[in-house]
Amino acid sequence: MSLQIARLVPRLAPCTSFAITRSLSSNTAAIVKVHRSIYARRYPTMMVLPNGATININYHEPRRIIKLPLDLSLLSEAERKARIEKRKPKQKIRIEDDVEDTFNANKYLKYMKKK
């Protein structure tokens, strides 16, 4: 009986040909994003200039698009006012519907079948 058990259960002797190691790094507990200040590589990114032109650059953080801010002092007075008006929240327009309800359900009772 001990021979049968010995055949079924593998030997529990330590194996020295390989070592099981757990690779711990700064990314093991990262859930949302990798929290590091310096990235190891450069990432292709599109930079949008204030005039609307785009440039493809290599950026040190993984971003898709970088939009540069517009200098309002360089715009004309009319363009500046238009830009500032776009920033303000829009007011919602309320439409009130006054519908006269002249429906009478008793008028259609004669078409209903009685059980």
# chains A, B, ... in the order shown; residues from 1 in each chain; ligands from 1

call {"tool": "residues_around", "arguments": {"residues": "range 64-70 of chain A", "least_positions_apart": "4", "cutoff": "9 Å", "atoms": "only C-alpha atoms", "output": "MDAnalysis selection string"}}
result
chainID A and resid 43:51 74

call {"tool": "closest_residue", "arguments": {"among": "A:Asn56, A:Glu100, A:Pro62, A:Arg94", "to": "Arg42 in chain A", "atoms": "only C-alpha atoms"}}
result
A:Pro62

call {"tool": "atom_distance", "arguments": {"atom1": "CA of Asp71 in chain A", "atom2": "CA of Ile84 in chain A"}}
result
12.2 Å

call {"tool": "atom_distance", "arguments": {"atom1": "CA of Ala82 in chain A", "atom2": "CA of Ala53 in chain A"}}
result
20.8 Å
